[in-house]
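Reproduced below: start.cif, with mmCIF, C-alpha atoms, pLDDT in the B column; chains and numbers go by the auth columns.
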```
data_work
#
loop_
_atom_site.group_PDB
_atom_site.id
_atom_site.type_symbol
_atom_site.label_atom_id
_atom_site.label_comp_id
_atom_site.label_asym_id
_atom_site.label_seq_id
_atom_site.Cartn_x
_atom_site.Cartn_y
_atom_site.Cartn_z
_atom_site.B_iso_or_equiv
_atom_site.auth_seq_id
_atom_site.auth_asym_id
ATOM 1 C CA MET A 1 0.000 0.000 0.000 75.00 668 R
ATOM 2 C CA MET A 2 2.799 2.438 0.849 72.00 669 R
ATOM 3 C CA ALA A 3 4.572 1.748 -2.435 74.00 670 R
ATOM 4 C CA LYS A 4 1.375 2.247 -4.438 71.00 671 R
ATOM 5 C CA MET A 5 0.748 5.526 -2.627 70.00 672 R
ATOM 6 C CA THR A 6 4.274 6.734 -3.338 67.00 673 R
ATOM 7 C CA VAL A 7 4.433 5.720 -6.977 68.00 674 R
ATOM 8 C CA GLY A 8 0.812 6.510 -7.771 62.00 675 R
ATOM 9 C CA SER A 9 0.803 9.927 -6.106 51.00 676 R
ATOM 10 C CA ASP A 10 2.771 11.652 -8.877 52.00 677 R
ATOM 11 C CA THR A 11 1.453 10.658 -12.274 52.00 678 R
ATOM 12 C CA ASP A 12 3.805 12.981 -14.144 57.00 679 R
ATOM 13 C CA ILE A 13 6.972 11.627 -12.527 58.00 680 R
ATOM 14 C CA LEU A 14 8.504 10.941 -15.930 60.00 681 R
ATOM 15 C CA LYS A 15 7.655 14.204 -17.684 64.00 682 R
ATOM 16 C CA ASN A 16 11.037 15.802 -16.975 67.00 683 R
ATOM 17 C CA ARG A 17 13.222 12.682 -17.022 73.00 684 R
ATOM 18 C CA GLU A 18 13.534 9.404 -18.875 83.00 685 R
ATOM 19 C CA TYR A 19 13.515 7.426 -15.648 89.00 686 R
ATOM 20 C CA ALA A 20 12.160 7.466 -12.136 88.00 687 R
ATOM 21 C CA SER A 21 14.123 6.786 -8.980 90.00 688 R
ATOM 22 C CA VAL A 22 13.110 5.417 -5.603 91.00 689 R
ATOM 23 C CA CYS A 23 15.254 5.733 -2.490 92.00 690 R
ATOM 24 C CA ASP A 24 14.722 3.837 0.741 93.00 691 R
ATOM 25 C CA PRO A 25 17.079 5.185 3.441 94.00 692 R
ATOM 26 C CA CYS A 26 16.328 2.246 5.733 95.00 693 R
ATOM 27 C CA CYS A 27 15.973 -0.527 3.152 94.00 694 R
ATOM 28 C CA GLY A 28 16.522 -3.660 5.193 94.00 695 R
ATOM 29 C CA ALA A 29 16.354 -6.597 2.792 95.00 696 R
ATOM 30 C CA GLY A 30 14.705 -4.427 0.111 95.00 697 R
ATOM 31 C CA CYS A 31 11.026 -5.338 0.388 94.00 698 R
ATOM 32 C CA MET A 32 9.840 -1.734 0.014 93.00 699 R
ATOM 33 C CA LEU A 33 12.040 -1.192 -3.045 95.00 700 R
ATOM 34 C CA LEU A 34 10.677 -4.359 -4.641 95.00 701 R
ATOM 35 C CA ALA A 35 7.125 -3.287 -3.815 93.00 702 R
ATOM 36 C CA ALA A 36 7.828 0.123 -5.374 91.00 703 R
ATOM 37 C CA ALA A 37 9.096 -1.596 -8.532 92.00 704 R
ATOM 38 C CA ALA A 38 5.929 -3.708 -8.678 91.00 705 R
ATOM 39 C CA ALA A 39 3.745 -0.622 -8.142 89.00 706 R
ATOM 40 C CA TYR A 40 5.695 1.199 -10.862 88.00 707 R
ATOM 41 C CA ALA A 41 5.096 -1.707 -13.255 88.00 708 R
ATOM 42 C CA ASP A 42 1.366 -1.567 -12.466 86.00 709 R
ATOM 43 C CA GLU A 43 1.168 2.224 -12.834 82.00 710 R
ATOM 44 C CA GLU A 44 3.370 2.664 -15.920 79.00 711 R
ATOM 45 C CA LYS A 45 2.157 -0.070 -18.280 81.00 712 R
ATOM 46 C CA ASN A 46 4.309 1.078 -21.216 81.00 713 R
ATOM 47 C CA ARG A 47 7.562 1.142 -19.205 83.00 714 R
ATOM 48 C CA VAL A 48 9.893 -1.581 -17.968 89.00 715 R
ATOM 49 C CA PRO A 49 11.067 -1.165 -14.347 90.00 716 R
ATOM 50 C CA GLN A 50 14.429 -2.811 -15.050 92.00 717 R
ATOM 51 C CA ARG A 51 15.076 -0.179 -17.738 92.00 718 R
ATOM 52 C CA ASP A 52 13.267 2.908 -16.451 91.00 719 R
ATOM 53 C CA LEU A 53 13.484 2.704 -12.663 92.00 720 R
ATOM 54 C CA LEU A 54 16.529 3.360 -10.491 95.00 721 R
ATOM 55 C CA LEU A 55 16.337 1.714 -7.072 96.00 722 R
ATOM 56 C CA VAL A 56 18.516 3.060 -4.258 96.00 723 R
ATOM 57 C CA GLY A 57 18.707 1.656 -0.763 96.00 724 R
ATOM 58 C CA GLN A 58 20.745 2.288 2.342 97.00 725 R
ATOM 59 C CA ASP A 59 20.981 0.461 5.631 97.00 726 R
ATOM 60 C CA VAL A 60 23.292 0.535 8.599 96.00 727 R
ATOM 61 C CA ASP A 61 23.275 -3.283 8.914 96.00 728 R
ATOM 62 C CA ARG A 62 25.682 -4.749 6.363 96.00 729 R
ATOM 63 C CA ILE A 63 24.022 -8.170 6.185 97.00 730 R
ATOM 64 C CA VAL A 64 20.523 -6.916 5.398 97.00 731 R
ATOM 65 C CA ALA A 65 21.886 -4.287 2.992 97.00 732 R
ATOM 66 C CA LEU A 66 23.674 -7.039 1.085 97.00 733 R
ATOM 67 C CA MET A 67 20.448 -9.061 1.103 97.00 734 R
ATOM 68 C CA CYS A 68 18.809 -6.086 -0.600 97.00 735 R
ATOM 69 C CA TYR A 69 21.678 -5.920 -3.095 98.00 736 R
ATOM 70 C CA VAL A 70 21.291 -9.623 -3.933 98.00 737 R
ATOM 71 C CA GLN A 71 17.521 -9.303 -4.462 97.00 738 R
ATOM 72 C CA LEU A 72 17.842 -6.235 -6.691 97.00 739 R
ATOM 73 C CA SER A 73 20.651 -7.883 -8.645 97.00 740 R
ATOM 74 C CA LEU A 74 18.866 -11.185 -9.205 97.00 741 R
ATOM 75 C CA LEU A 75 15.726 -9.405 -10.412 96.00 742 R
ATOM 76 C CA GLY A 76 17.732 -7.296 -12.874 96.00 743 R
ATOM 77 C CA TYR A 77 17.043 -3.855 -11.405 97.00 744 R
ATOM 78 C CA ALA A 78 19.428 -0.960 -11.877 97.00 745 R
ATOM 79 C CA GLY A 79 20.553 0.721 -8.713 97.00 746 R
ATOM 80 C CA TYR A 80 22.843 0.560 -5.757 98.00 747 R
ATOM 81 C CA VAL A 81 22.808 -0.140 -2.058 98.00 748 R
ATOM 82 C CA ALA A 82 24.795 1.889 0.431 97.00 749 R
ATOM 83 C CA ILE A 83 25.999 0.449 3.682 97.00 750 R
ATOM 84 C CA GLY A 84 26.070 3.108 6.369 95.00 751 R
ATOM 85 C CA ASN A 85 23.926 5.157 8.687 94.00 752 R
ATOM 86 C CA SER A 86 21.572 7.266 6.575 93.00 753 R
ATOM 87 C CA LEU A 87 21.411 9.949 9.289 93.00 754 R
ATOM 88 C CA THR A 88 25.123 10.441 9.946 93.00 755 R
ATOM 89 C CA ASN A 89 26.538 9.191 6.621 92.00 756 R
ATOM 90 C CA PRO A 90 23.858 9.691 3.947 93.00 757 R
ATOM 91 C CA ILE A 91 24.249 9.127 0.225 94.00 758 R
ATOM 92 C CA GLU A 92 25.293 12.407 -1.354 94.00 759 R
ATOM 93 C CA GLY A 93 25.804 13.596 -4.898 92.00 760 R
ATOM 94 C CA THR A 94 23.189 12.909 -7.546 91.00 761 R
ATOM 95 C CA ASP A 95 21.243 9.719 -8.126 91.00 762 R
ATOM 96 C CA LEU A 96 23.505 8.835 -11.085 94.00 763 R
ATOM 97 C CA PHE A 97 26.720 9.935 -9.354 95.00 764 R
ATOM 98 C CA PRO A 98 26.348 8.839 -5.741 96.00 765 R
ATOM 99 C CA GLN A 99 28.934 9.378 -3.053 94.00 766 R
ATOM 100 C CA ILE A 100 29.090 8.130 0.490 94.00 767 R
ATOM 101 C CA GLY A 101 31.336 9.305 3.273 90.00 768 R
ATOM 102 C CA GLU A 102 34.220 7.554 4.950 90.00 769 R
ATOM 103 C CA GLY A 103 33.446 4.078 6.224 90.00 770 R
ATOM 104 C CA GLY A 104 30.451 3.615 3.924 93.00 771 R
ATOM 105 C CA GLU A 105 30.209 1.193 1.025 95.00 772 R
ATOM 106 C CA LEU A 106 28.358 1.422 -2.282 97.00 773 R
ATOM 107 C CA TRP A 107 27.287 -1.791 -4.012 97.00 774 R
ATOM 108 C CA PHE A 108 26.168 -1.305 -7.621 98.00 775 R
ATOM 109 C CA THR A 109 23.837 -3.892 -9.140 97.00 776 R
ATOM 110 C CA PRO A 110 24.738 -5.466 -12.499 97.00 777 R
ATOM 111 C CA GLY A 111 21.747 -3.619 -14.013 96.00 778 R
ATOM 112 C CA TRP A 112 23.505 -0.361 -13.151 97.00 779 R
ATOM 113 C CA PHE A 113 26.065 -1.155 -15.852 97.00 780 R
ATOM 114 C CA ALA A 114 23.518 -1.768 -18.626 96.00 781 R
ATOM 115 C CA PRO A 115 24.122 0.347 -21.761 96.00 782 R
ATOM 116 C CA ILE A 116 21.039 2.518 -21.188 95.00 783 R
ATOM 117 C CA TRP A 117 22.214 3.494 -17.702 96.00 784 R
ATOM 118 C CA ASN A 118 25.755 4.166 -18.951 96.00 785 R
ATOM 119 C CA THR A 119 24.267 6.506 -21.554 95.00 786 R
ATOM 120 C CA ARG A 120 22.152 8.258 -18.925 94.00 787 R
ATOM 121 C CA ARG A 121 25.237 8.767 -16.758 95.00 788 R
ATOM 122 C CA GLN A 122 27.146 10.224 -19.713 95.00 789 R
ATOM 123 C CA ILE A 123 24.298 12.662 -20.465 92.00 790 R
ATOM 124 C CA GLU A 124 24.080 13.635 -16.793 91.00 791 R
ATOM 125 C CA TYR A 125 27.849 14.168 -16.678 93.00 792 R
ATOM 126 C CA ILE A 126 27.673 16.512 -19.673 93.00 793 R
ATOM 127 C CA LYS A 127 24.812 18.441 -18.050 89.00 794 R
ATOM 128 C CA LEU A 128 26.685 18.723 -14.751 87.00 795 R
ATOM 129 C CA THR A 129 29.898 19.808 -16.471 89.00 796 R
ATOM 130 C CA THR A 130 28.109 22.385 -18.608 87.00 797 R
ATOM 131 C CA SER A 131 26.210 23.689 -15.582 78.00 798 R
ATOM 132 C CA ASN A 132 29.446 24.020 -13.590 71.00 799 R
ATOM 133 C CA LEU A 133 31.129 25.906 -16.454 69.00 800 R
ATOM 134 C CA GLN A 134 28.202 28.330 -16.699 66.00 801 R
ATOM 135 C CA THR A 135 28.250 28.842 -12.937 64.00 802 R
ATOM 136 C CA ALA A 136 31.988 29.544 -13.053 60.00 803 R
ATOM 137 C CA GLU A 137 31.470 32.085 -15.847 62.00 804 R
ATOM 138 C CA VAL A 138 28.794 33.894 -13.828 58.00 805 R
ATOM 139 C CA PHE A 139 30.973 33.788 -10.723 59.00 806 R
ATOM 140 C CA ASN A 140 34.003 35.157 -12.594 63.00 807 R
ATOM 141 C CA GLY A 141 31.948 37.895 -14.228 61.00 808 R
ATOM 142 C CA SER A 142 32.579 36.716 -17.766 55.00 809 R
ATOM 143 C CA GLU A 143 28.913 36.253 -18.658 54.00 810 R
ATOM 144 C CA GLY A 144 27.397 38.605 -21.198 53.00 811 R
ATOM 145 C CA GLY A 145 30.245 38.625 -23.688 52.00 812 R
ATOM 146 C CA GLU A 146 32.697 40.787 -21.696 50.00 813 R
ATOM 147 C CA LYS A 147 35.912 39.064 -20.724 44.00 814 R
#
```
Let me see whether you can do it: turn the structure in this file into structure tokens.
Amino acid sequence: MMAKMTVGSDTDILKNREYASVCDPCCGAGCMLLAAAAAYADEEKNRVPQRDLLLVGQDVDRIVALMCYVQLSLLGYAGYVAIGNSLTNPIEGTDLFPQIGEGGELWFTPGWFAPIWNTRRQIEYIKLTTSNLQTAEVFNGSEGGEK
């Protein structure tokens, strides 16, 4: 029910992006992420969760976090699982370029390395790089043609 409420509450989740992402900061063995993927499949009939859904989990307990990783991997979902306390050592960065602080671990599923996700990361990298260059130009006062 919670997954259906989350996924079904925003019908235009994919209007601005090619994919949707779900993050569970206390994922345990991944049941909520799997339920979200099932709800996504029910809601978005013309989309494939393994291709169009990024699943992200984090848990402080290494064993259950790795259980989540195994489930996501065996079912072919793209995503990653972070091992660490989500309050004191949360996942930072962007969903396609995650970072975790010292002592944390990131486990990327095999689906994360699929060609479509590699392409999405390349596009995101170009956008981030271009955005940073434009920000630097504004900061340095070189915007508007004067240098």
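Across the model, the gap from CA of Gly768 in chain R to CA of Thr755 in chain R is 9.2 Å.
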Residues picked by the PyMOL selection byres ((chain R and resi 739) around 10) here, as a PyMOL selection string? chain R and resi 696-698+700-701+717+722-724+733-738+740-748+775-778
List every protein, DNA or RNA residue that has an atom no more than 9 Å from (15.3, 1.7, -16.7) in the file's coordinate frame, counting all atoms listed in the file, and report them as a PyMOL selection string. chain R and resi 685-687+714-721+744-745+778+783-784
For the structure shown, which residues end up in the PyMOL selection byres ((chain R and resi 764) around 12)? Put them as a PyMOL selection string, please? chain R and resi 723+746-747+758-763+765-767+773+775+779+784-785+787-792+795
Expected file: the selected residues, C-alpha atoms, as a compact mmCIF listing (two decimals), in the frame of the given file:
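Once written, selection-v3.txt looks like this:
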```
# COMPACT_ATOMS: atom_id res chain seq x y z
CA VAL R 723 18.52 3.06 -4.26
CA GLY R 746 20.55 0.72 -8.71
CA TYR R 747 22.84 0.56 -5.76
CA ILE R 758 24.25 9.13 0.22
CA GLU R 759 25.29 12.41 -1.35
CA GLY R 760 25.80 13.60 -4.90
CA THR R 761 23.19 12.91 -7.55
CA ASP R 762 21.24 9.72 -8.13
CA LEU R 763 23.50 8.84 -11.08
CA PRO R 765 26.35 8.84 -5.74
CA GLN R 766 28.93 9.38 -3.05
CA ILE R 767 29.09 8.13 0.49
CA LEU R 773 28.36 1.42 -2.28
CA PHE R 775 26.17 -1.30 -7.62
CA TRP R 779 23.50 -0.36 -13.15
CA TRP R 784 22.21 3.49 -17.70
CA ASN R 785 25.76 4.17 -18.95
CA ARG R 787 22.15 8.26 -18.92
CA ARG R 788 25.24 8.77 -16.76
CA GLN R 789 27.15 10.22 -19.71
CA ILE R 790 24.30 12.66 -20.46
CA GLU R 791 24.08 13.64 -16.79
CA TYR R 792 27.85 14.17 -16.68
CA LEU R 795 26.68 18.72 -14.75
```
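Candidate residues R:Thr786, R:Leu754, R:Ser688, R:Ala670 were compared for distance to Glu710 in chain R, and the nearest is R:Ala670, using all atoms listed in the file.
Taking CA of Ala704 in chain R and CA of Lys671 in chain R as endpoints, the distance between them is 9.5 Å.
The two atoms in question, CA of Glu772 in chain R and CA of Ile793 in chain R, are spaced 25.9 Å apart.
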I'd like the neighbourhood of Gly751 in chain R as number ranges by chain, where a residue qualifies if any of its atoms comes within 10 Å (using only C-alpha atoms), though same-chain residues fewer than 5 positions away should be ignored. R: 692-693, 725-729, 732, 756-758, 767-773
Grab the residues selected above and save them as a PDB file, in the coordinates of the input with C-alpha atoms.
```pdb
ATOM      1  CA  PRO R 692      17.079   5.185   3.441  1.00 94.00           C
ATOM      2  CA  CYS R 693      16.328   2.246   5.733  1.00 95.00           C
ATOM      3  CA  GLN R 725      20.745   2.288   2.342  1.00 97.00           C
ATOM      4  CA  ASP R 726      20.981   0.461   5.631  1.00 97.00           C
ATOM      5  CA  VAL R 727      23.292   0.535   8.599  1.00 96.00           C
ATOM      6  CA  ASP R 728      23.275  -3.283   8.914  1.00 96.00           C
ATOM      7  CA  ARG R 729      25.682  -4.749   6.363  1.00 96.00           C
ATOM      8  CA  ALA R 732      21.886  -4.287   2.992  1.00 97.00           C
ATOM      9  CA  ASN R 756      26.538   9.191   6.621  1.00 92.00           C
ATOM     10  CA  PRO R 757      23.858   9.691   3.947  1.00 93.00           C
ATOM     11  CA  ILE R 758      24.249   9.127   0.225  1.00 94.00           C
ATOM     12  CA  ILE R 767      29.090   8.130   0.490  1.00 94.00           C
ATOM     13  CA  GLY R 768      31.336   9.305   3.273  1.00 90.00           C
ATOM     14  CA  GLU R 769      34.220   7.554   4.950  1.00 90.00           C
ATOM     15  CA  GLY R 770      33.446   4.078   6.224  1.00 90.00           C
ATOM     16  CA  GLY R 771      30.451   3.615   3.924  1.00 93.00           C
ATOM     17  CA  GLU R 772      30.209   1.193   1.025  1.00 95.00           C
ATOM     18  CA  LEU R 773      28.358   1.422  -2.282  1.00 97.00           C
TER      19      LEU R 773
END
```
